[in-house]
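This is start.cif. It holds mmCIF, C-alpha atoms.
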```
data_coords
#
loop_
_atom_site.label_atom_id
_atom_site.label_comp_id
_atom_site.auth_asym_id
_atom_site.auth_seq_id
_atom_site.Cartn_x
_atom_site.Cartn_y
_atom_site.Cartn_z
CA MET A 18 33.29 -0.88 12.40
CA SER A 19 32.84 2.39 14.27
CA THR A 20 34.21 3.53 17.55
CA ASP A 21 31.54 4.16 20.15
CA ASN A 22 32.37 7.87 20.24
CA ALA A 23 31.75 8.49 16.55
CA LEU A 24 28.49 6.53 16.49
CA THR A 25 25.58 8.34 14.81
CA ALA A 26 21.85 7.58 14.55
CA GLU A 27 22.27 7.36 10.77
CA GLN A 28 24.93 4.61 11.14
CA ILE A 29 22.66 2.67 13.46
CA LEU A 30 19.77 2.92 11.00
CA SER A 31 21.94 1.77 8.08
CA ALA A 32 23.22 -1.17 10.14
CA THR A 33 19.62 -1.99 11.12
CA GLU A 34 18.68 -2.12 7.45
CA ASP A 35 21.59 -4.50 6.78
CA VAL A 36 20.53 -6.71 9.67
CA LEU A 37 16.89 -6.71 8.52
CA ARG A 38 18.01 -7.66 5.02
CA ARG A 39 20.15 -10.52 6.34
CA PHE A 40 17.91 -11.96 9.08
CA GLY A 41 14.42 -10.77 8.18
CA PRO A 42 12.10 -8.75 10.45
CA ALA A 43 11.19 -11.71 12.69
CA LYS A 44 14.77 -12.58 13.72
CA ALA A 45 16.64 -9.24 13.64
CA THR A 46 17.70 -8.07 17.10
CA VAL A 47 19.35 -4.99 18.63
CA VAL A 48 22.32 -7.20 19.55
CA ASP A 49 22.78 -8.04 15.85
CA VAL A 50 22.77 -4.33 15.03
CA ALA A 51 25.32 -3.57 17.75
CA ARG A 52 27.54 -6.47 16.61
CA THR A 53 27.48 -5.20 13.01
CA LEU A 54 28.69 -1.81 14.27
CA GLY A 55 31.22 -3.25 16.72
CA VAL A 56 29.60 -1.47 19.65
CA SER A 57 27.69 -2.57 22.75
CA HIS A 58 23.91 -2.85 22.54
CA GLY A 59 23.82 -0.17 25.28
CA SER A 60 25.29 2.26 22.73
CA VAL A 61 22.42 1.55 20.38
CA TYR A 62 19.88 2.02 23.18
CA ARG A 63 21.33 5.49 23.90
CA PHE A 64 19.96 6.54 20.49
CA PHE A 65 16.89 4.31 20.34
CA PRO A 66 15.46 3.37 23.75
CA SER A 67 13.81 0.13 22.54
CA LYS A 68 13.77 -2.33 19.69
CA ALA A 69 10.33 -0.96 18.75
CA ALA A 70 11.72 2.60 18.60
CA LEU A 71 14.56 1.42 16.35
CA ARG A 72 12.17 -0.40 14.01
CA GLU A 73 9.91 2.63 13.87
CA ALA A 74 12.84 4.95 13.08
CA VAL A 75 14.15 2.74 10.29
CA THR A 76 10.61 2.47 8.82
CA GLU A 77 10.24 6.24 8.93
CA ARG A 78 13.60 6.69 7.18
CA TRP A 79 12.60 4.23 4.48
CA LEU A 80 9.22 5.87 3.90
CA ALA A 81 10.82 9.32 3.78
CA GLN A 82 13.47 8.36 1.19
CA ALA A 83 11.88 10.26 -1.70
CA HIS A 84 10.53 13.08 0.50
CA ASP A 85 13.30 15.61 -0.17
CA GLU A 86 12.95 15.32 -3.92
CA LEU A 87 9.15 15.54 -3.63
CA ARG A 88 9.27 18.48 -1.22
CA LEU A 89 11.51 20.35 -3.66
CA ILE A 90 8.91 19.91 -6.43
CA ALA A 91 6.14 21.02 -4.07
CA THR A 92 7.98 24.23 -3.17
CA GLU A 93 8.95 25.25 -6.74
CA THR A 94 7.05 28.08 -8.40
CA GLY A 95 6.43 26.91 -12.00
CA PRO A 96 3.14 25.79 -13.58
CA ALA A 97 1.21 23.64 -11.10
CA ALA A 98 0.01 21.00 -13.60
CA GLU A 99 3.56 20.20 -14.70
CA ARG A 100 4.76 20.11 -11.07
CA LEU A 101 1.91 17.86 -9.92
CA HIS A 102 2.60 15.49 -12.82
CA ARG A 103 6.31 15.44 -11.98
CA TRP A 104 5.56 14.98 -8.27
CA LEU A 105 3.34 11.95 -8.98
CA THR A 106 5.75 10.33 -11.47
CA THR A 107 8.65 10.91 -9.05
CA LEU A 108 6.71 9.20 -6.26
CA PHE A 109 5.75 6.31 -8.56
CA ALA A 110 9.37 5.92 -9.77
CA ALA A 111 10.69 5.93 -6.18
CA LYS A 112 8.19 3.29 -5.04
CA ARG A 113 8.81 1.17 -8.11
CA ARG A 114 12.57 1.34 -7.57
CA LYS A 115 12.17 0.20 -3.95
CA ALA A 116 9.90 -2.69 -4.97
CA PHE A 117 12.05 -3.92 -7.88
CA ASP A 118 15.64 -3.23 -6.84
CA ASP A 119 15.44 -5.00 -3.50
CA PRO A 120 12.23 -7.07 -3.31
CA GLN A 121 13.32 -8.82 -0.10
CA LEU A 122 13.89 -5.54 1.73
CA PHE A 123 10.62 -4.25 0.28
CA ALA A 124 8.76 -7.24 1.77
CA THR A 125 10.56 -6.63 5.08
CA TYR A 126 9.40 -3.04 5.12
CA MET A 127 5.84 -4.12 4.32
CA THR A 128 5.94 -6.03 7.62
CA LEU A 129 7.36 -3.03 9.49
CA VAL A 130 4.82 -0.72 7.86
CA GLY A 131 2.08 -3.01 9.20
CA GLU A 132 3.53 -2.66 12.71
CA ASN A 133 3.85 1.14 12.56
CA SER A 134 0.56 2.42 11.23
CA HIS A 135 1.01 5.74 13.03
CA THR A 136 4.30 6.32 11.16
CA VAL A 137 2.54 5.49 7.89
CA ASP A 138 -0.32 7.90 8.64
CA THR A 139 2.19 10.67 9.31
CA HIS A 140 4.01 9.81 6.07
CA ILE A 141 0.76 9.94 4.07
CA GLY A 142 -0.17 13.22 5.77
CA THR A 143 3.15 14.74 4.68
CA LEU A 144 2.64 13.62 1.09
CA ILE A 145 -0.95 14.92 0.93
CA ALA A 146 0.22 18.27 2.38
CA GLN A 147 2.74 18.52 -0.48
CA ILE A 148 0.01 17.83 -3.06
CA ALA A 149 -2.12 20.47 -1.30
CA ASP A 150 0.71 23.02 -1.71
CA ILE A 151 0.81 22.40 -5.46
CA VAL A 152 -3.01 22.45 -5.79
CA ARG A 153 -3.14 25.74 -3.85
CA ASP A 154 -0.54 27.24 -6.21
CA GLY A 155 -2.60 25.97 -9.15
CA VAL A 156 -5.72 27.65 -7.81
CA GLU A 157 -3.80 30.91 -7.27
CA ARG A 158 -2.35 30.69 -10.78
CA LYS A 159 -5.91 30.06 -12.14
CA GLU A 160 -4.74 26.74 -13.59
CA PHE A 161 -6.97 24.72 -11.28
CA HIS A 162 -10.59 25.30 -10.30
CA PRO A 163 -11.35 22.44 -7.93
CA ALA A 164 -14.49 23.94 -6.40
CA HIS A 165 -16.21 20.72 -7.50
CA THR A 166 -14.80 19.07 -4.40
CA ASP A 167 -17.62 20.74 -2.52
CA SER A 168 -20.78 20.86 -4.57
CA THR A 169 -22.43 23.36 -2.22
CA ALA A 170 -19.57 25.86 -2.46
CA HIS A 171 -19.56 28.94 -4.58
CA THR A 172 -15.89 29.80 -4.11
CA ASN A 173 -12.55 28.04 -4.36
CA SER A 174 -12.01 28.49 -0.64
CA ALA A 175 -9.02 26.94 1.13
CA ALA A 176 -11.37 24.39 2.73
CA HIS A 177 -11.52 22.46 -0.55
CA ILE A 178 -7.79 22.12 -1.02
CA GLY A 179 -7.32 19.40 1.60
CA PRO A 180 -10.07 17.05 0.34
CA THR A 181 -8.97 17.64 -3.26
CA ALA A 182 -5.34 16.83 -2.41
CA ARG A 183 -6.45 13.65 -0.64
CA ALA A 184 -8.63 12.70 -3.63
CA VAL A 185 -5.61 13.11 -5.95
CA PHE A 186 -3.51 10.94 -3.64
CA GLU A 187 -6.18 8.24 -3.39
CA ALA A 188 -6.99 8.39 -7.12
CA THR A 189 -3.35 7.52 -7.85
CA ALA A 190 -3.04 4.75 -5.20
CA HIS A 191 -2.61 2.25 -8.04
CA PHE A 192 0.71 3.90 -8.80
CA HIS A 193 2.21 4.39 -5.34
CA ASP A 194 0.50 2.16 -2.79
CA PRO A 195 2.63 -0.96 -2.17
CA ALA A 196 -0.61 -3.00 -2.17
CA HIS A 197 -0.55 -2.58 -5.97
CA ALA A 198 3.18 -3.32 -6.42
CA ALA A 199 2.41 -6.53 -8.37
CA SER A 200 0.90 -4.47 -11.21
CA TRP A 201 3.89 -2.10 -11.52
CA SER A 202 5.82 -4.45 -13.80
CA ASP A 203 3.00 -4.31 -16.39
CA PRO A 204 4.63 -2.89 -19.55
CA ALA A 205 1.54 -0.66 -19.95
CA ALA A 206 1.84 0.77 -16.41
CA ASP A 207 3.23 4.14 -17.54
CA GLU A 208 0.61 4.48 -20.28
CA ARG A 209 -2.13 3.65 -17.77
CA PHE A 210 -0.72 6.18 -15.35
CA GLU A 211 -0.85 8.85 -18.08
CA ALA A 212 -4.53 8.05 -18.85
CA LEU A 213 -5.29 8.39 -15.14
CA TRP A 214 -3.28 11.59 -14.94
CA ARG A 215 -5.26 13.20 -17.77
CA LEU A 216 -8.50 12.26 -16.02
CA ILE A 217 -7.29 13.87 -12.77
CA LEU A 218 -5.88 16.94 -14.51
CA GLY A 219 -9.23 17.38 -16.27
CA GLY A 220 -10.95 17.20 -12.88
CA LEU A 221 -8.62 19.77 -11.32
CA ALA A 222 -8.99 22.15 -14.23
CA THR A 223 -12.80 22.00 -14.27
CA ARG A 224 -14.77 25.13 -13.55
CA ALA A 225 -17.49 24.43 -11.00
CA MET B 183 -28.88 -33.36 1.90
CA SER B 184 -29.61 -33.79 -1.80
CA THR B 185 -30.21 -36.88 -3.84
CA ASP B 186 -27.55 -37.44 -6.47
CA ASN B 187 -30.09 -36.96 -9.26
CA ALA B 188 -31.18 -33.49 -8.21
CA LEU B 189 -27.62 -32.23 -7.64
CA THR B 190 -26.84 -28.88 -9.28
CA ALA B 191 -23.61 -26.92 -9.77
CA GLU B 192 -25.13 -24.13 -7.67
CA GLN B 193 -25.67 -26.52 -4.72
CA ILE B 194 -22.08 -27.72 -4.98
CA LEU B 195 -20.78 -24.14 -4.99
CA SER B 196 -22.89 -23.21 -1.94
CA ALA B 197 -21.66 -26.30 -0.10
CA THR B 198 -18.08 -25.43 -1.08
CA GLU B 199 -18.52 -21.99 0.44
CA ASP B 200 -19.82 -23.59 3.67
CA VAL B 201 -16.84 -25.94 3.76
CA LEU B 202 -14.39 -23.11 3.09
CA ARG B 203 -15.96 -21.09 5.87
CA ARG B 204 -15.71 -24.02 8.32
CA PHE B 205 -12.28 -25.45 7.46
CA GLY B 206 -10.46 -22.56 5.73
CA PRO B 207 -8.91 -22.70 2.26
CA ALA B 208 -5.91 -24.81 3.29
CA LYS B 209 -7.91 -27.74 4.70
CA ALA B 210 -11.14 -27.77 2.66
CA THR B 211 -11.39 -30.86 0.40
CA VAL B 212 -13.75 -32.16 -2.28
CA VAL B 213 -14.63 -35.04 0.08
CA ASP B 214 -15.82 -32.48 2.67
CA VAL B 215 -18.01 -30.87 0.03
CA ALA B 216 -19.48 -34.23 -1.05
CA ARG B 217 -20.12 -35.20 2.60
CA THR B 218 -21.95 -31.91 3.24
CA LEU B 219 -24.22 -32.68 0.29
CA GLY B 220 -24.63 -36.37 1.16
CA VAL B 221 -23.28 -37.46 -2.24
CA SER B 222 -20.17 -39.27 -3.44
CA HIS B 223 -17.14 -37.19 -4.37
CA GLY B 224 -17.52 -38.68 -7.87
CA SER B 225 -20.79 -36.75 -8.16
CA VAL B 226 -18.96 -33.52 -7.42
CA TYR B 227 -16.25 -34.35 -9.98
CA ARG B 228 -18.94 -34.80 -12.66
CA PHE B 229 -19.57 -31.05 -12.36
CA PHE B 230 -16.05 -29.89 -11.49
CA PRO B 231 -13.30 -32.17 -12.83
CA SER B 232 -10.74 -31.15 -10.16
CA LYS B 233 -10.41 -29.45 -6.81
CA ALA B 234 -8.72 -26.54 -8.63
CA ALA B 235 -11.71 -26.22 -11.01
CA LEU B 236 -14.10 -26.18 -8.04
CA ARG B 237 -12.08 -23.49 -6.23
CA GLU B 238 -11.93 -21.43 -9.39
CA ALA B 239 -15.69 -21.71 -9.94
CA VAL B 240 -16.52 -20.70 -6.37
CA THR B 241 -14.12 -17.74 -6.64
CA GLU B 242 -15.73 -16.65 -9.89
CA ARG B 243 -19.19 -16.86 -8.33
CA TRP B 244 -18.07 -14.79 -5.37
CA LEU B 245 -16.46 -12.14 -7.56
CA ALA B 246 -19.54 -11.98 -9.79
CA GLN B 247 -22.00 -11.51 -6.90
CA ALA B 248 -22.73 -7.84 -7.63
CA HIS B 249 -22.38 -8.21 -11.41
CA ASP B 250 -26.08 -8.44 -12.25
CA GLU B 251 -26.93 -5.28 -10.35
CA LEU B 252 -23.96 -3.47 -11.94
CA ARG B 253 -24.76 -4.76 -15.44
CA LEU B 254 -28.31 -3.43 -15.06
CA ILE B 255 -26.99 0.05 -14.25
CA ALA B 256 -24.59 -0.13 -17.20
CA THR B 257 -27.41 -1.00 -19.63
CA GLU B 258 -29.89 1.67 -18.45
CA THR B 259 -30.43 4.73 -20.60
CA GLY B 260 -30.55 7.69 -18.15
CA PRO B 261 -27.90 10.40 -17.59
CA ALA B 262 -24.44 8.83 -17.65
CA ALA B 263 -22.96 10.80 -14.71
CA GLU B 264 -25.72 9.64 -12.36
CA ARG B 265 -25.39 6.06 -13.60
CA LEU B 266 -21.61 6.00 -13.27
CA HIS B 267 -21.87 7.40 -9.73
CA ARG B 268 -24.50 4.77 -8.84
CA TRP B 269 -22.42 2.02 -10.48
CA LEU B 270 -19.34 2.98 -8.41
CA THR B 271 -21.23 3.34 -5.12
CA THR B 272 -23.00 0.00 -5.76
CA LEU B 273 -19.65 -1.69 -6.33
CA PHE B 274 -18.17 -0.07 -3.21
CA ALA B 275 -21.22 -1.07 -1.11
CA ALA B 276 -21.05 -4.67 -2.36
CA LYS B 277 -17.34 -4.98 -1.59
CA ARG B 278 -17.76 -3.36 1.80
CA ARG B 279 -20.64 -5.72 2.66
CA LYS B 280 -18.50 -8.72 1.76
CA ALA B 281 -15.58 -7.47 3.84
CA PHE B 282 -17.60 -6.52 6.93
CA ASP B 283 -20.43 -9.06 7.08
CA ASP B 284 -18.23 -12.12 6.88
CA PRO B 285 -14.56 -11.14 7.40
CA GLN B 286 -13.41 -14.77 7.69
CA LEU B 287 -14.95 -15.73 4.34
CA PHE B 288 -13.55 -12.50 2.88
CA ALA B 289 -10.04 -13.53 4.00
CA THR B 290 -10.62 -16.99 2.53
CA TYR B 291 -11.57 -15.50 -0.80
CA MET B 292 -8.49 -13.28 -0.73
CA THR B 293 -6.45 -16.51 -0.69
CA LEU B 294 -8.49 -18.00 -3.55
CA VAL B 295 -8.24 -14.75 -5.52
CA GLY B 296 -4.45 -14.98 -5.20
CA GLU B 297 -4.58 -18.52 -6.66
CA ASN B 298 -6.84 -17.60 -9.59
CA SER B 299 -5.38 -14.45 -11.10
CA HIS B 300 -6.85 -15.31 -14.52
CA THR B 301 -10.36 -15.37 -13.01
CA VAL B 302 -9.67 -12.00 -11.38
CA ASP B 303 -8.42 -10.51 -14.65
CA THR B 304 -11.60 -11.65 -16.40
CA HIS B 305 -13.67 -10.18 -13.55
CA ILE B 306 -11.89 -6.83 -13.81
CA GLY B 307 -12.26 -6.90 -17.60
CA THR B 308 -16.03 -7.34 -17.22
CA LEU B 309 -16.26 -4.43 -14.78
CA ILE B 310 -14.17 -2.09 -16.96
CA ALA B 311 -16.34 -3.01 -19.98
CA GLN B 312 -19.41 -1.93 -17.99
CA ILE B 313 -17.79 1.40 -17.13
CA ALA B 314 -16.88 1.77 -20.83
CA ASP B 315 -20.57 1.28 -21.76
CA ILE B 316 -21.58 4.12 -19.44
CA VAL B 317 -18.73 6.39 -20.60
CA ARG B 318 -19.69 5.72 -24.26
CA ASP B 319 -23.29 6.70 -23.48
CA GLY B 320 -22.01 9.83 -21.73
CA VAL B 321 -19.97 10.81 -24.78
CA GLU B 322 -22.98 10.20 -27.06
CA ARG B 323 -25.20 12.27 -24.74
CA LYS B 324 -22.54 15.05 -24.79
CA GLU B 325 -22.23 14.77 -20.99
CA PHE B 326 -18.65 13.51 -21.17
CA HIS B 327 -15.78 14.76 -23.33
CA PRO B 328 -12.91 12.50 -22.34
CA ALA B 329 -10.75 13.22 -25.38
CA HIS B 330 -8.08 14.22 -22.85
CA THR B 331 -7.25 10.54 -22.48
CA ASP B 332 -5.28 10.93 -25.71
CA SER B 333 -3.56 14.27 -25.91
CA THR B 334 -2.83 13.84 -29.64
CA ALA B 335 -6.45 13.22 -30.55
CA HIS B 336 -8.81 15.74 -32.02
CA THR B 337 -11.95 13.65 -31.71
CA ASN B 338 -13.71 11.62 -29.03
CA SER B 339 -13.10 8.43 -30.97
CA ALA B 340 -14.03 5.04 -29.57
CA ALA B 341 -10.33 4.31 -29.01
CA HIS B 342 -10.31 6.58 -25.93
CA ILE B 343 -13.22 4.92 -24.19
CA GLY B 344 -11.27 1.83 -23.06
CA PRO B 345 -8.31 3.67 -21.46
CA THR B 346 -10.70 6.19 -19.87
CA ALA B 347 -12.84 3.40 -18.41
CA ARG B 348 -9.72 1.70 -17.02
CA ALA B 349 -8.53 5.02 -15.57
CA VAL B 350 -11.89 5.46 -13.80
CA PHE B 351 -11.63 1.92 -12.42
CA GLU B 352 -8.06 2.42 -11.23
CA ALA B 353 -8.74 5.90 -9.85
CA THR B 354 -11.40 4.38 -7.57
CA ALA B 355 -9.32 1.36 -6.46
CA HIS B 356 -9.30 2.79 -2.94
CA PHE B 357 -13.04 2.11 -2.81
CA HIS B 358 -13.31 -1.35 -4.33
CA ASP B 359 -9.95 -3.12 -4.30
CA PRO B 360 -9.79 -5.53 -1.33
CA ALA B 361 -6.19 -4.38 -0.75
CA HIS B 362 -7.74 -1.20 0.71
CA ALA B 363 -10.43 -2.96 2.79
CA ALA B 364 -8.83 -1.80 6.06
CA SER B 365 -9.66 1.83 5.23
CA TRP B 366 -13.34 1.14 4.43
CA SER B 367 -14.40 1.38 8.08
CA ASP B 368 -13.13 4.98 8.24
CA PRO B 369 -16.21 7.09 9.11
CA ALA B 370 -15.07 9.60 6.45
CA ALA B 371 -14.85 6.93 3.71
CA ASP B 372 -18.08 7.99 1.96
CA GLU B 373 -17.12 11.66 2.09
CA ARG B 374 -13.68 10.82 0.68
CA PHE B 375 -15.29 8.77 -2.05
CA GLU B 376 -17.49 11.74 -2.99
CA ALA B 377 -14.46 14.09 -3.21
CA LEU B 378 -12.77 11.54 -5.48
CA TRP B 379 -15.97 11.16 -7.53
CA ARG B 380 -16.18 14.91 -8.15
CA LEU B 381 -12.55 14.93 -9.31
CA ILE B 382 -13.27 12.07 -11.74
CA LEU B 383 -16.55 13.55 -12.95
CA GLY B 384 -14.75 16.84 -13.60
CA GLY B 385 -12.15 14.93 -15.63
CA LEU B 386 -14.79 13.11 -17.68
CA ALA B 387 -16.73 16.30 -18.36
CA THR B 388 -13.67 18.28 -19.48
CA ARG B 389 -13.50 19.51 -23.03
CA ALA B 390 -10.16 18.69 -24.60
#
```

Encoding of this model in structure tokens:
Amino acid sequence: MSTDNALTAEQILSATEDVLRRFGPAKATVVDVARTLGVSHGSVYRFFPSKAALREAVTERWLAQAHDELRLIATETGPAAERLHRWLTTLFAAKRRKAFDDPQLFATYMTLVGENSHTVDTHIGTLIAQIADIVRDGVERKEFHPAHTDSTAHTNSAAHIGPTARAVFEATAHFHDPAHAASWSDPAADERFEALWRLILGGLATRA
Amino acid sequence: MSTDNALTAEQILSATEDVLRRFGPAKATVVDVARTLGVSHGSVYRFFPSKAALREAVTERWLAQAHDELRLIATETGPAAERLHRWLTTLFAAKRRKAFDDPQLFATYMTLVGENSHTVDTHIGTLIAQIADIVRDGVERKEFHPAHTDSTAHTNSAAHIGPTARAVFEATAHFHDPAHAASWSDPAADERFEALWRLILGGLATRA
């Protein structure tokens, strides 16, 4: 229970998650959220002007859960290969935790993710930009030579970084895209990720 | 219409696909299939002892549709990089055709695929074995040096071929796994595939 005065957006989002977990995405309402908090539904609408806005905000928060940890890795200054490996395993671990620890909430968010494709696109854009930061560092450190991403190019110009970062993200979809969640409980999943990682690392380190 | 005597398994599977397309996977029955062919349902059961066996067989046939073309590429003797690229683009084109040309049947098969995970595993095993054949040729031709798939290894022993082939298959999931079908209509899909291909090719060509 909160008093109306002390109400924060974060409290509303946490209560929304509780309500989604209890009632499922089809039945959860703003009134349920307000009741959980002991406030009027008008108080909720002051933060989130519609049910759609509330659902979008809670989806965004869920997607962004591992972002801080990932952003930290992307902005470090050590060897790029080690950082990219750690970034990818951190993302995989975060997604796996979400899928296994609370499968019902995970399924709920899959529904919300389907409703908010713009939010998902922004999320993916943020992640690819972080990979691009690490790849750029790797090129500057002479660890990576991903000129092969443009076969007509003679230099490692900045124009290749974006497509390379996207290729790394898509190449590892098996180990972060919820569409593949069913395969994450495979006891060989980590070993398979490492085989994939070595393939990607080899590709990044190739001289054109 | 067929006479009972001339009935073949292939005819039954084609009729089953028609019935699935018309009634959907939930409502399609063996009796519908028999009626379409103008035979008794007993005649159908002589080929497929149960409705489950029939659904499995039609799923297998659907999954295997591009297999012959892919197997041919895998058993050629030219440069491995060109063959692997052609193998992957052929697979992507076949999957994309299935998804776009007949979306309703595609959705139907997604249901059947969910019911027959063993059939899918066998299908994937066959595809990875074909990639392994090409990768093995590439290693023998000194085009590929994928020893990096086992960081403790000093040789390109046969033991690395399997994990490398699986890594190539998983790295390209974005461009053949039906879970990603929604992104295949992206006008940049081919360009993104090529960026991914160059990353993979770089990884395969890397010296450990």

Residue hits in chain B, query chain A, radius 12 Å, all atoms listed in the file, as a ChimeraX atom specification: /B:296,299,303,326-333,342-365,370-390

Test item: the PyMOL selection byres ((chain B and resi 261) around 10) resolved as a PyMOL selection string: chain B and resi 258-260+262-266+316+319-320+323+325

Test item: which residues lie within 9 Å of (11.6, -10.2, 5.7) counting all atoms listed in the file, as a PyMOL selection string: chain A and resi 37-44+121-128

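Close contacts of range 224-238 of chain B, defined as residues with an atom at most 8 Å away when counting only C-alpha atoms, with chain neighbours fewer than 2 positions off set aside, comprise Asp186, Ala191, Ile194, Leu195, Thr211, Val212, Val215, Ala216, Val221, Ser222, Val240, Thr241, Glu242, Leu294, Asn298 and Thr301 of chain B.
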
Between CA of Val137 in chain A and CA of His84 in chain A, distance in Å (one decimal):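 Computing it gives 13.3 Å between the two atoms.
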
Picked residues, the PyMOL selection byres ((chain B and resi 253) around 12), as a ChimeraX atom specification: /B:246-252,254-258,265-266,268-270,272-273,308-316

Atomic separation - CA of Ala197 in chain B relative to CA of Arg217 in chain B, Å: 9.4 Å

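Between CA of Ala175 in chain A and CA of Arg153 in chain A the interatomic distance comes to 7.8 Å.
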
Need the axis-aligned box for range 240-251 of chain B with 5 Å each side, so what are the centre and edges in Å to one decimal, as JSON?
```
{"center_x": -20.5, "center_y": -13.0, "center_z": -8.8, "size_x": 22.8, "size_y": 25.4, "size_z": 16.9}
```

Nearest residue to Ala276 in chain B from the set B:Ile306, B:Val295, B:Leu245, B:Ala188 (distances using all atoms listed in the file):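 Going through B:Ile306, B:Val295, B:Leu245, B:Ala188 one by one, the smallest distance to Ala276 in chain B is for B:Leu245.
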